[in-house]
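Participant: Pasting my_file-v4.txt here (compact mmCIF, C-alpha atoms):
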```txt
# COMPACT_ATOMS: atom_id res chain seq x y z
CA MET M 1495 39.55 -86.89 41.64
CA THR M 1496 41.21 -84.16 39.59
CA ASP M 1497 38.13 -81.97 39.75
CA LEU M 1498 38.22 -82.37 43.53
CA LEU M 1499 41.81 -81.21 43.53
CA TRP M 1500 41.07 -78.30 41.26
CA THR M 1501 38.06 -77.06 43.24
CA ASN M 1502 40.15 -77.17 46.37
CA LEU M 1503 43.04 -75.37 44.76
CA CYS M 1504 40.82 -72.48 43.68
CA SER M 1505 39.29 -71.96 47.08
CA PRO M 1506 40.07 -68.62 48.79
CA LEU M 1507 42.03 -70.53 51.43
CA CYS M 1508 44.50 -72.20 49.12
CA LEU M 1509 44.85 -69.14 46.96
CA ALA M 1510 45.54 -66.86 49.91
CA PHE M 1511 48.09 -69.34 51.25
CA ALA M 1512 49.75 -69.51 47.83
CA LEU M 1513 49.86 -65.72 47.64
CA GLY M 1514 51.60 -65.59 51.00
CA MET M 1515 54.20 -68.11 49.87
CA VAL M 1516 54.79 -66.31 46.57
CA ALA M 1517 55.12 -62.98 48.36
CA ARG M 1518 57.78 -64.42 50.63
CA LEU M 1519 59.60 -66.03 47.70
CA LEU M 1520 59.60 -62.71 45.86
CA LYS M 1521 61.17 -61.23 49.00
CA SER M 1522 58.30 -58.81 49.45
CA GLU M 1523 58.33 -56.84 52.69
CA LEU M 1524 54.70 -57.79 53.26
CA SER M 1525 54.00 -59.04 56.76
CA LEU M 1526 50.87 -58.99 58.84
CA PRO M 1527 51.13 -57.21 62.19
CA ARG M 1528 51.66 -59.64 65.07
CA ASP M 1529 48.59 -58.41 66.86
CA LEU M 1530 46.41 -59.00 63.84
CA TYR M 1531 47.65 -62.57 63.70
CA ALA M 1532 46.93 -63.01 67.41
CA SER M 1533 43.47 -61.44 67.07
CA LEU M 1534 42.54 -63.56 64.07
CA SER M 1535 43.59 -66.77 65.79
CA ILE M 1536 41.57 -65.90 68.89
CA TYR M 1537 38.57 -65.10 66.72
CA LEU M 1538 38.84 -68.28 64.65
CA LEU M 1539 39.32 -70.64 67.58
CA PHE M 1540 36.54 -69.12 69.62
CA ALA M 1541 34.17 -69.06 66.65
CA ILE M 1542 34.76 -72.77 65.92
CA GLY M 1543 34.21 -73.66 69.53
CA LEU M 1544 30.99 -71.65 69.78
CA LYS M 1545 29.50 -73.07 66.61
CA GLY M 1546 30.47 -76.57 67.65
CA GLY M 1547 28.93 -76.14 71.07
CA VAL M 1548 25.69 -74.83 69.66
CA GLU M 1549 25.50 -77.85 67.33
CA LEU M 1550 26.37 -80.18 70.18
CA SER M 1551 23.36 -78.88 72.09
CA HIS M 1552 21.09 -80.57 69.59
CA THR M 1553 23.04 -83.80 69.18
CA THR M 1554 21.96 -86.95 70.92
CA PHE M 1555 24.41 -88.87 73.03
CA LYS M 1556 23.93 -91.90 70.80
CA GLU M 1557 25.08 -90.04 67.67
CA PHE M 1558 28.07 -88.67 69.47
CA PHE M 1559 29.35 -91.62 71.45
CA ALA M 1560 31.02 -93.83 68.84
CA PRO M 1561 32.73 -90.95 67.01
CA ALA M 1562 33.97 -89.59 70.35
CA MET M 1563 35.44 -92.94 71.38
CA VAL M 1564 37.12 -93.42 68.02
CA THR M 1565 38.54 -89.89 68.20
CA ILE M 1566 40.07 -90.44 71.61
CA ALA M 1567 41.62 -93.66 70.36
CA LEU M 1568 43.09 -91.81 67.39
CA GLY M 1569 44.36 -89.09 69.69
CA CYS M 1570 46.27 -91.61 71.75
CA PHE M 1571 47.51 -93.61 68.78
CA THR M 1572 48.82 -90.93 66.41
CA PRO M 1573 51.60 -89.49 68.61
CA ILE M 1574 52.89 -92.98 69.34
CA SER M 1575 52.81 -94.11 65.71
CA ALA M 1576 54.51 -90.91 64.60
CA TYR M 1577 57.20 -91.35 67.25
CA LEU M 1578 57.88 -94.95 66.33
CA VAL M 1579 58.08 -94.21 62.60
CA LEU M 1580 60.50 -91.35 63.24
CA ARG M 1581 62.71 -93.42 65.52
CA ARG M 1582 62.68 -96.81 63.85
CA ILE M 1583 62.33 -95.98 60.17
CA PHE M 1584 63.82 -92.51 59.83
CA ARG M 1585 66.34 -92.87 62.66
CA PHE M 1586 65.77 -89.53 64.35
CA GLY M 1587 67.10 -88.99 67.87
CA VAL M 1588 64.79 -89.34 70.87
CA ALA M 1589 64.19 -85.65 71.51
CA ASP M 1590 63.74 -84.77 67.83
CA ALA M 1591 61.39 -87.71 67.27
CA ALA M 1592 59.29 -86.86 70.32
CA GLY M 1593 59.19 -83.20 69.37
CA ILE M 1594 58.00 -83.89 65.85
CA ALA M 1595 55.59 -86.59 67.06
CA ALA M 1596 53.98 -84.07 69.42
CA HIS M 1597 53.09 -81.98 66.39
CA TYR M 1598 51.64 -84.90 64.45
CA GLY M 1599 49.73 -86.26 67.40
CA SER M 1600 48.11 -82.87 67.79
CA VAL M 1601 45.69 -81.15 65.42
CA SER M 1602 45.90 -78.14 63.16
CA ALA M 1603 42.76 -76.09 63.72
CA VAL M 1604 43.30 -74.28 60.43
CA THR M 1605 43.50 -77.52 58.46
CA PHE M 1606 40.34 -78.61 60.26
CA ILE M 1607 38.56 -75.45 59.17
CA ALA M 1608 39.79 -75.88 55.60
CA ALA M 1609 38.44 -79.43 55.58
CA GLN M 1610 35.06 -78.24 56.83
CA GLN M 1611 34.88 -75.57 54.15
CA PHE M 1612 35.80 -78.15 51.53
CA VAL M 1613 33.19 -80.73 52.53
CA ASN M 1614 30.54 -78.02 52.65
CA ALA M 1615 31.47 -76.84 49.17
CA MET M 1616 31.31 -80.44 47.95
CA GLY M 1617 27.83 -80.91 49.32
CA TYR M 1618 28.76 -83.32 52.10
CA PRO M 1619 28.46 -81.20 55.24
CA ALA M 1620 30.01 -82.70 58.35
CA GLU M 1621 28.19 -83.31 61.61
CA GLY M 1622 27.88 -80.24 63.77
CA PHE M 1623 29.81 -81.63 66.71
CA MET M 1624 33.12 -81.88 64.83
CA PRO M 1625 34.73 -79.08 66.91
CA THR M 1626 34.15 -81.16 70.02
CA LEU M 1627 35.96 -84.03 68.32
CA LEU M 1628 38.73 -81.58 67.52
CA THR M 1629 39.30 -80.90 71.19
CA LEU M 1630 39.12 -84.60 72.05
CA LEU M 1631 41.78 -85.32 69.47
CA GLU M 1632 43.98 -82.48 70.63
CA ILE M 1633 44.21 -83.20 74.32
CA PRO M 1634 46.00 -86.56 74.41
CA GLY M 1635 48.14 -85.78 71.39
CA ILE M 1636 50.76 -83.32 72.62
CA GLN M 1637 50.74 -84.72 76.11
CA ILE M 1638 51.57 -88.29 75.15
CA ALA M 1639 54.39 -87.33 72.83
CA LEU M 1640 55.94 -84.99 75.38
CA THR M 1641 55.69 -87.61 78.08
CA ILE M 1642 57.47 -90.15 75.88
CA GLY M 1643 60.10 -87.54 75.12
CA ALA M 1644 60.61 -86.51 78.72
CA ILE M 1645 60.89 -90.07 80.02
CA LEU M 1646 63.22 -91.25 77.32
CA THR M 1647 65.51 -88.21 77.33
CA ALA M 1648 65.84 -88.51 81.11
CA ARG M 1649 66.76 -92.15 80.69
CA GLU M 1650 69.27 -91.25 78.00
CA ALA M 1651 70.78 -88.52 80.17
CA ASN M 1652 71.22 -90.96 83.05
CA ALA M 1653 72.93 -93.44 80.77
CA THR M 1654 75.43 -90.93 79.39
CA GLU M 1655 76.09 -89.53 82.87
CA GLN M 1656 77.66 -92.80 83.82
CA LEU M 1657 79.96 -92.61 80.83
CA THR M 1658 81.10 -88.98 81.08
CA SER M 1659 82.39 -87.35 84.21
CA ASN M 1660 80.55 -84.09 84.47
CA ASP M 1661 81.08 -81.82 87.40
CA HIS M 1662 78.24 -79.41 86.80
CA GLU M 1663 74.91 -79.84 88.53
CA GLU M 1664 72.13 -81.53 86.64
CA SER M 1665 69.47 -78.99 85.76
CA ARG M 1666 66.18 -79.88 87.34
CA SER M 1667 63.58 -81.18 84.91
CA ARG M 1668 60.13 -79.70 84.88
CA PRO M 1669 57.43 -81.54 86.77
CA MET M 1670 54.82 -83.22 84.58
CA SER M 1671 52.02 -81.41 86.37
CA GLU M 1672 53.47 -78.11 85.19
CA VAL M 1673 53.62 -79.33 81.60
CA LEU M 1674 50.11 -80.72 81.78
CA HIS M 1675 48.84 -77.45 83.17
CA GLU M 1676 50.50 -75.55 80.37
CA VAL M 1677 49.01 -77.74 77.65
CA LEU M 1678 45.53 -77.74 79.16
CA THR M 1679 45.41 -73.99 79.74
CA ALA M 1680 46.98 -73.05 76.42
CA ARG M 1681 45.12 -70.37 74.57
CA SER M 1682 43.84 -72.69 71.85
CA MET M 1683 42.54 -75.16 74.41
CA ILE M 1684 40.70 -72.56 76.48
CA LEU M 1685 39.15 -70.92 73.45
CA LEU M 1686 38.07 -74.19 71.85
CA VAL M 1687 36.83 -76.00 74.95
CA GLY M 1688 35.42 -72.82 76.42
CA GLY M 1689 33.74 -72.00 73.14
CA VAL M 1690 32.15 -75.44 72.98
CA VAL M 1691 30.88 -75.16 76.55
CA LEU M 1692 29.51 -71.66 75.96
CA GLY M 1693 27.90 -72.64 72.67
CA PHE M 1694 26.31 -75.63 74.32
CA LEU M 1695 24.88 -73.50 77.10
CA MET M 1696 23.67 -70.60 74.99
CA LYS M 1697 22.06 -72.83 72.33
CA ASP M 1698 20.66 -71.47 69.06
CA SER M 1699 18.63 -68.76 70.74
CA GLY M 1700 21.63 -67.30 72.54
CA TYR M 1701 23.85 -67.67 69.51
CA LYS M 1702 21.54 -65.92 67.07
CA PRO M 1703 22.51 -62.31 67.92
CA VAL M 1704 26.24 -62.98 67.63
CA LYS M 1705 25.95 -65.19 64.57
CA PRO M 1706 26.67 -62.41 62.05
CA PHE M 1707 29.98 -61.77 63.74
CA PHE M 1708 31.14 -65.31 64.42
CA GLU M 1709 29.73 -67.07 61.39
CA ASP M 1710 29.17 -64.68 58.50
CA MET M 1711 32.56 -63.03 58.83
CA PHE M 1712 34.37 -66.28 59.46
CA LYS M 1713 35.50 -67.13 55.94
CA GLY M 1714 36.95 -63.68 55.36
CA ALA M 1715 38.95 -63.74 58.56
CA LEU M 1716 40.18 -67.21 57.69
CA THR M 1717 41.37 -66.09 54.27
CA LEU M 1718 43.41 -63.32 55.83
CA PHE M 1719 44.82 -65.75 58.36
CA LEU M 1720 45.90 -68.13 55.62
CA LEU M 1721 47.72 -65.32 53.87
CA ASP M 1722 49.80 -64.98 57.03
CA MET M 1723 50.34 -68.75 57.16
CA GLY M 1724 51.58 -68.64 53.59
CA LEU M 1725 54.07 -65.95 54.54
CA ALA M 1726 55.27 -68.03 57.49
CA ALA M 1727 55.54 -71.21 55.42
CA GLY M 1728 57.38 -69.30 52.72
CA SER M 1729 60.00 -68.18 55.24
CA ARG M 1730 60.54 -71.80 56.15
CA LEU M 1731 61.19 -72.97 52.61
CA LYS M 1732 64.94 -72.59 52.76
CA ASP M 1733 64.94 -74.74 55.89
CA LEU M 1734 63.24 -77.36 53.79
CA PHE M 1735 66.45 -77.98 51.89
CA LYS M 1736 68.39 -78.22 55.13
CA ALA M 1737 65.81 -80.60 56.53
CA GLY M 1738 66.48 -83.28 54.00
CA PRO M 1739 64.47 -85.91 52.18
CA ALA M 1740 63.68 -87.90 55.32
CA LEU M 1741 61.58 -85.11 56.75
CA VAL M 1742 59.81 -84.48 53.45
CA ALA M 1743 59.04 -88.18 53.14
CA PHE M 1744 57.72 -88.30 56.69
CA GLY M 1745 55.75 -85.09 56.25
CA THR M 1746 53.84 -86.47 53.30
CA LEU M 1747 53.57 -90.17 54.16
CA MET M 1748 52.58 -89.96 57.81
CA PRO M 1749 49.55 -87.74 57.08
CA LEU M 1750 48.41 -90.20 54.43
CA ILE M 1751 48.65 -93.10 56.87
CA HIS M 1752 46.93 -91.24 59.69
CA GLY M 1753 44.35 -89.89 57.27
CA ALA M 1754 43.49 -93.32 55.95
CA LEU M 1755 43.22 -94.65 59.49
CA GLY M 1756 41.02 -91.75 60.52
CA ALA M 1757 38.77 -92.27 57.50
CA CYS M 1758 38.30 -95.96 58.19
CA LEU M 1759 37.58 -95.43 61.88
CA GLY M 1760 35.26 -92.52 61.18
CA ALA M 1761 33.22 -94.50 58.70
CA TRP M 1762 33.08 -97.44 61.09
CA ALA M 1763 31.82 -95.15 63.87
CA GLY M 1764 28.97 -94.07 61.64
CA LEU M 1765 30.04 -90.57 60.64
CA SER M 1766 28.80 -89.12 57.35
CA ILE M 1767 31.14 -88.75 54.40
CA GLY M 1768 31.79 -85.15 55.36
CA GLY M 1769 32.38 -86.03 58.99
CA THR M 1770 34.68 -88.89 58.05
CA THR M 1771 36.69 -86.62 55.77
CA VAL M 1772 37.09 -84.01 58.47
CA LEU M 1773 38.08 -86.60 61.07
CA ALA M 1774 40.61 -88.09 58.65
CA THR M 1775 42.02 -84.64 57.97
CA MET M 1776 42.33 -83.90 61.67
CA ALA M 1777 44.19 -87.15 62.25
CA ALA M 1778 46.48 -86.34 59.34
CA SER M 1779 47.17 -82.78 60.38
CA ALA M 1780 50.10 -81.45 62.33
CA SER M 1781 49.78 -78.59 64.76
CA TYR M 1782 52.11 -75.64 64.29
CA ILE M 1783 50.52 -73.14 66.65
CA ALA M 1784 49.86 -74.96 69.90
CA ALA M 1785 52.57 -77.59 69.67
CA PRO M 1786 55.75 -75.56 69.02
CA PRO M 1787 55.77 -73.59 72.29
CA ALA M 1788 54.80 -76.68 74.29
CA VAL M 1789 57.62 -78.68 72.73
CA ARG M 1790 60.12 -75.84 73.07
CA MET M 1791 59.42 -75.58 76.76
CA THR M 1792 59.57 -79.26 77.52
CA LEU M 1793 62.04 -80.64 75.00
CA PRO M 1794 64.46 -77.81 74.28
CA GLN M 1795 66.96 -80.36 72.93
CA ALA M 1796 64.61 -81.03 70.03
CA ASN M 1797 65.64 -79.12 66.95
CA PRO M 1798 62.91 -76.58 66.15
CA THR M 1799 63.91 -76.49 62.48
CA TYR M 1800 62.70 -80.08 62.09
CA TYR M 1801 59.32 -79.81 63.72
CA LEU M 1802 58.45 -76.37 62.43
CA THR M 1803 59.48 -77.12 58.86
CA ALA M 1804 57.70 -80.47 58.86
CA ALA M 1805 54.46 -79.12 60.28
CA LEU M 1806 54.30 -75.76 58.56
CA ALA M 1807 56.19 -76.08 55.29
CA ILE M 1808 55.55 -79.73 54.40
CA THR M 1809 52.45 -81.19 55.99
CA PHE M 1810 50.23 -78.14 56.14
CA PRO M 1811 50.44 -77.27 52.41
CA PHE M 1812 50.34 -80.97 51.55
CA ASN M 1813 47.11 -81.47 53.47
CA LEU M 1814 45.62 -78.22 52.31
CA ILE M 1815 46.24 -78.73 48.62
CA VAL M 1816 46.35 -82.47 48.05
CA GLY M 1817 45.50 -84.22 51.30
CA ILE M 1818 41.93 -83.09 51.93
CA PRO M 1819 40.66 -84.22 48.52
CA ILE M 1820 42.47 -87.54 48.97
CA TYR M 1821 40.92 -88.10 52.39
CA MET M 1822 37.51 -87.35 50.91
CA SER M 1823 38.04 -90.01 48.27
CA ILE M 1824 39.03 -92.50 50.96
CA ALA M 1825 36.03 -91.42 53.03
CA ARG M 1826 33.67 -91.97 50.13
CA TRP M 1827 35.07 -95.44 49.61
CA ALA M 1828 34.99 -96.27 53.32
CA CYS M 1829 31.40 -95.08 53.69
CA GLY M 1830 30.43 -97.19 50.73
CA ALA M 1831 29.41 -94.33 48.45
CA MET B 774 71.16 -35.86 95.23
CA GLU B 775 72.52 -38.88 97.03
CA THR B 776 72.62 -41.93 94.82
CA HIS B 777 73.34 -45.56 95.63
CA PRO B 778 74.97 -48.22 93.46
CA VAL B 779 72.80 -51.14 92.42
CA ILE B 780 73.07 -53.84 89.75
CA LEU B 781 70.96 -53.74 86.59
CA LEU B 782 70.50 -57.33 85.41
CA THR B 783 69.34 -57.70 81.83
CA ILE B 784 68.13 -60.98 80.34
CA VAL B 785 67.34 -61.38 76.66
CA ALA B 786 65.66 -64.68 75.84
CA GLU B 787 63.27 -66.43 73.50
CA HIS B 788 59.62 -65.60 73.88
CA VAL B 789 58.52 -69.02 75.20
CA LEU B 790 60.46 -68.39 78.37
CA ARG B 791 58.55 -65.26 79.34
CA GLU B 792 56.39 -66.60 82.19
CA ARG B 793 59.06 -68.95 83.45
CA LEU B 794 61.74 -66.28 83.70
CA ILE B 795 59.42 -63.83 85.40
CA ALA B 796 58.49 -66.51 87.93
CA GLU B 797 62.17 -67.31 88.36
CA ILE B 798 63.25 -63.77 89.12
CA GLN B 799 60.33 -63.22 91.45
CA LYS B 800 61.25 -66.35 93.34
CA ALA B 801 64.76 -64.99 93.72
CA GLY B 802 63.32 -61.96 95.47
CA VAL B 803 63.50 -59.08 93.00
CA ARG B 804 61.68 -55.92 93.90
CA GLY B 805 60.35 -55.26 90.42
CA TYR B 806 61.09 -55.78 86.75
CA THR B 807 60.36 -54.47 83.28
CA VAL B 808 59.67 -56.64 80.22
CA TYR B 809 60.15 -55.55 76.64
CA GLU B 810 59.29 -57.31 73.39
CA VAL B 811 62.38 -57.21 71.27
CA GLU B 812 63.67 -58.69 68.04
CA GLY B 813 67.01 -60.09 67.14
CA GLU B 814 69.20 -63.08 66.48
CA GLY B 815 71.74 -64.94 68.50
CA SER B 816 74.74 -67.12 67.83
CA ARG B 817 72.54 -70.15 67.22
CA HIS B 818 70.94 -68.41 64.21
CA ARG B 819 67.67 -70.15 64.75
CA ARG B 820 64.23 -68.64 64.76
CA VAL B 821 62.41 -70.87 67.11
CA SER B 822 58.88 -70.08 66.25
CA GLU B 823 57.28 -68.29 63.33
CA VAL B 824 54.10 -67.85 65.08
CA LEU B 825 55.28 -66.78 68.50
CA GLY B 826 58.17 -64.83 67.19
CA SER B 827 60.41 -62.22 68.69
CA ASN B 828 62.19 -62.25 71.99
CA ILE B 829 61.79 -60.72 75.39
CA LYS B 830 64.14 -58.57 77.39
CA ILE B 831 63.78 -58.41 81.16
CA GLU B 832 65.43 -55.72 83.23
CA THR B 833 65.56 -55.72 86.96
CA LEU B 834 67.44 -53.73 89.59
CA VAL B 835 68.94 -56.02 92.19
CA SER B 836 71.62 -56.35 94.79
CA ALA B 837 74.88 -58.07 93.84
CA GLU B 838 73.85 -61.23 95.71
CA ILE B 839 70.57 -61.66 93.85
CA ALA B 840 72.29 -60.87 90.55
CA ASP B 841 74.79 -63.62 91.26
CA LEU B 842 72.06 -66.06 92.27
CA LEU B 843 70.07 -65.36 89.12
CA LEU B 844 73.12 -65.70 86.88
CA SER B 845 73.89 -69.11 88.33
CA ILE B 846 70.26 -70.24 87.94
CA LEU B 847 70.33 -69.09 84.34
CA THR B 848 73.59 -70.90 83.68
CA ARG B 849 72.40 -74.09 85.31
CA ASP B 850 68.86 -74.32 83.96
CA TYR B 851 68.56 -72.20 80.84
CA PHE B 852 71.70 -71.39 78.91
CA ARG B 853 72.40 -74.92 77.80
CA SER B 854 68.97 -75.60 76.40
CA TYR B 855 67.47 -72.29 75.33
CA ALA B 856 68.48 -69.18 73.46
CA ALA B 857 69.17 -66.65 76.21
CA ILE B 858 71.83 -64.22 77.36
CA ALA B 859 72.25 -62.15 80.49
CA TYR B 860 74.50 -59.31 81.50
CA THR B 861 74.93 -56.90 84.38
CA THR B 862 75.79 -53.24 84.65
CA SER B 863 76.32 -51.02 87.62
CA VAL B 864 73.81 -48.22 87.86
CA TYR B 865 73.00 -45.57 90.43
CA VAL B 866 69.60 -44.96 91.92
CA VAL B 867 68.02 -42.67 94.41
CA ARG B 868 65.99 -44.36 97.17
CA GLY B 869 68.68 -47.02 97.53
CA GLU B 870 66.83 -48.67 100.38
CA LYS B 871 64.19 -49.91 97.87
CA TYR B 872 66.67 -52.34 96.37
CA ALA B 873 68.60 -53.55 99.38
```
Represent the structure of the file as structure tokens.
Facilitator:
Amino acid sequence: MTDLLWTNLCSPLCLAFALGMVARLLKSELSLPRDLYASLSIYLLFAIGLKGGVELSHTTFKEFFAPAMVTIALGCFTPISAYLVLRRIFRFGVADAAGIAAHYGSVSAVTFIAAQQFVNAMGYPAEGFMPTLLTLLEIPGIQIALTIGAILTAREANATEQLTSNDHEESRSRPMSEVLHEVLTARSMILLVGGVVLGFLMKDSGYKPVKPFFEDMFKGALTLFLLDMGLAAGSRLKDLFKAGPALVAFGTLMPLIHGALGACLGAWAGLSIGGTTVLATMAASASYIAAPPAVRMTLPQANPTYYLTAALAITFPFNLIVGIPIYMSIARWACGA
Amino acid sequence: METHPVILLTIVAEHVLRERLIAEIQKAGVRGYTVYEVEGEGSRHRRVSEVLGSNIKIETLVSAEIADLLLSILTRDYFRSYAAIAYTTSVYVVRGEKYA
């Protein structure tokens, strides 16, 4: 187990992330230009989608069906479990709980990529169609948590209205169709789903000419991207102290629970050790790119400090450094290795 | 040259609101607008998103009625929940009929 941890720690990804955090802590003026960040994320998302689609084109329906079903189930379950734990055990308010749950029900593409790199390095490559599973996990996640949040905050608002006498007009709430549209047409969704579709259609022959760009350069771009993530997480560290032990506890325990669940379900659905590890990691991950704007728009009452700190400063480094090796150990056990 | 008075409405808000605010002002009947990407902090002292970052500033030249309408929409639907401010100034333009 310790050699797993050590190998992971010395990967370019972890090291670049650590450098970013250290730079921020040393109060360096280093920052990556916004446009570079935007370009890298477009590149990474599209590249994953393409590769996944190409792989999907030579997967049989039979291989894909059980993992897909299990993934959708996970996608529906994780936002609800996160919400309930936050409300019942950690006693967060409705909006805050729903906002944070939206992040944990969704997936971090970067953590997914890190998991893939790790399982490859360990000699347990995952199935090729993992990116498709990524999109299946992502779609229900944010939506369910936001719906819970919207319904319950509206109910709460109605209840308090009867108690207070407010003269001002009630601001109109946003229609669900608008929210759904926003989530489904978000940049990450279009690039991932679109990439998968394109990859599927172009197949290996179509992909070959662009492979040097989208595959060979991938790891380098990812390393640079993680440097930026380290900088961002480092800026959040002081919020960590404000956030309190409850958030830290949630941010480390919930991923472990979701990860274990994902590993068991993945193994049961017949995924390889690598595939099970990646699925577990996806279930355990928390989005911090796609989810924050969606939550901000729909649940502005939710405190951004909580969900951003939890996702970016607690769960992401936890998964990256410690989580992925743990999920692999669970996956090995679950797959009977 | 003959100039006409018109209201310059400026809104500074968090980046997530970009499309919504543009849709909002267009619905109110503005003739045009300019958007800037700006940086800064407000009284809430919160940076909402690392990864989206920054803020937007929208400027539009409107009649007093539309300015009033937009200010009340902003107060009712946005100020309570989001980081945003708005202010007006009187400016003078040529081709006053463009903004009537």
Participant: Can you work out the spacing between atom CA of M:Trp1827 and atom CA of M:Cys1508 in Å, to one decimal?
Facilitator: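 Those two atoms sit 25.1 Å apart.
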Participant: Show me, as a ChimeraX atom specification, every residue of chain M with an atom at most 12 Å from chain B, counting all atoms listed in the file.
Facilitator: /M:1525-1532,1535,1661-1668,1672-1673,1676,1719,1722-1730,1733,1781-1803,1805-1807
Participant: Calculated over all atoms listed in the file, which of the candidates M:Leu1685, M:Leu1721, M:Ile1818, M:Leu1534 has the smallest distance to M:Met1515?
Facilitator: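 Going through M:Leu1685, M:Leu1721, M:Ile1818, M:Leu1534 one by one, the smallest distance to M:Met1515 is for M:Leu1721.
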Participant: Which residue is closest to B:Gly805? Choose from B:Glu792, B:Glu838, B:Glu832, B:Glu775 and count all atoms listed in the file.
Facilitator: B:Glu832
Participant: Between B:Glu814, B:Thr861, B:Lys800, B:Leu794, which is the closest to B:Leu781 once you count only C-alpha atoms?
Facilitator: B:Thr861
Participant: Which residues are close to B:Ile780, i.e. within 12 Å by all atoms listed in the file, leaving aside same-chain residues fewer than 2 positions away? Reply as a VMD selection string.
Facilitator: chain B and resid 777 to 778 782 to 783 803 832 to 841 843 860 to 866 869 872 to 873
Participant: Which distance in Å separates atom CA of M:Gly1688 and atom CA of M:Met1624, to one decimal?
Facilitator: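 For atom CA of M:Gly1688 relative to atom CA of M:Met1624, the distance reads 14.9 Å.
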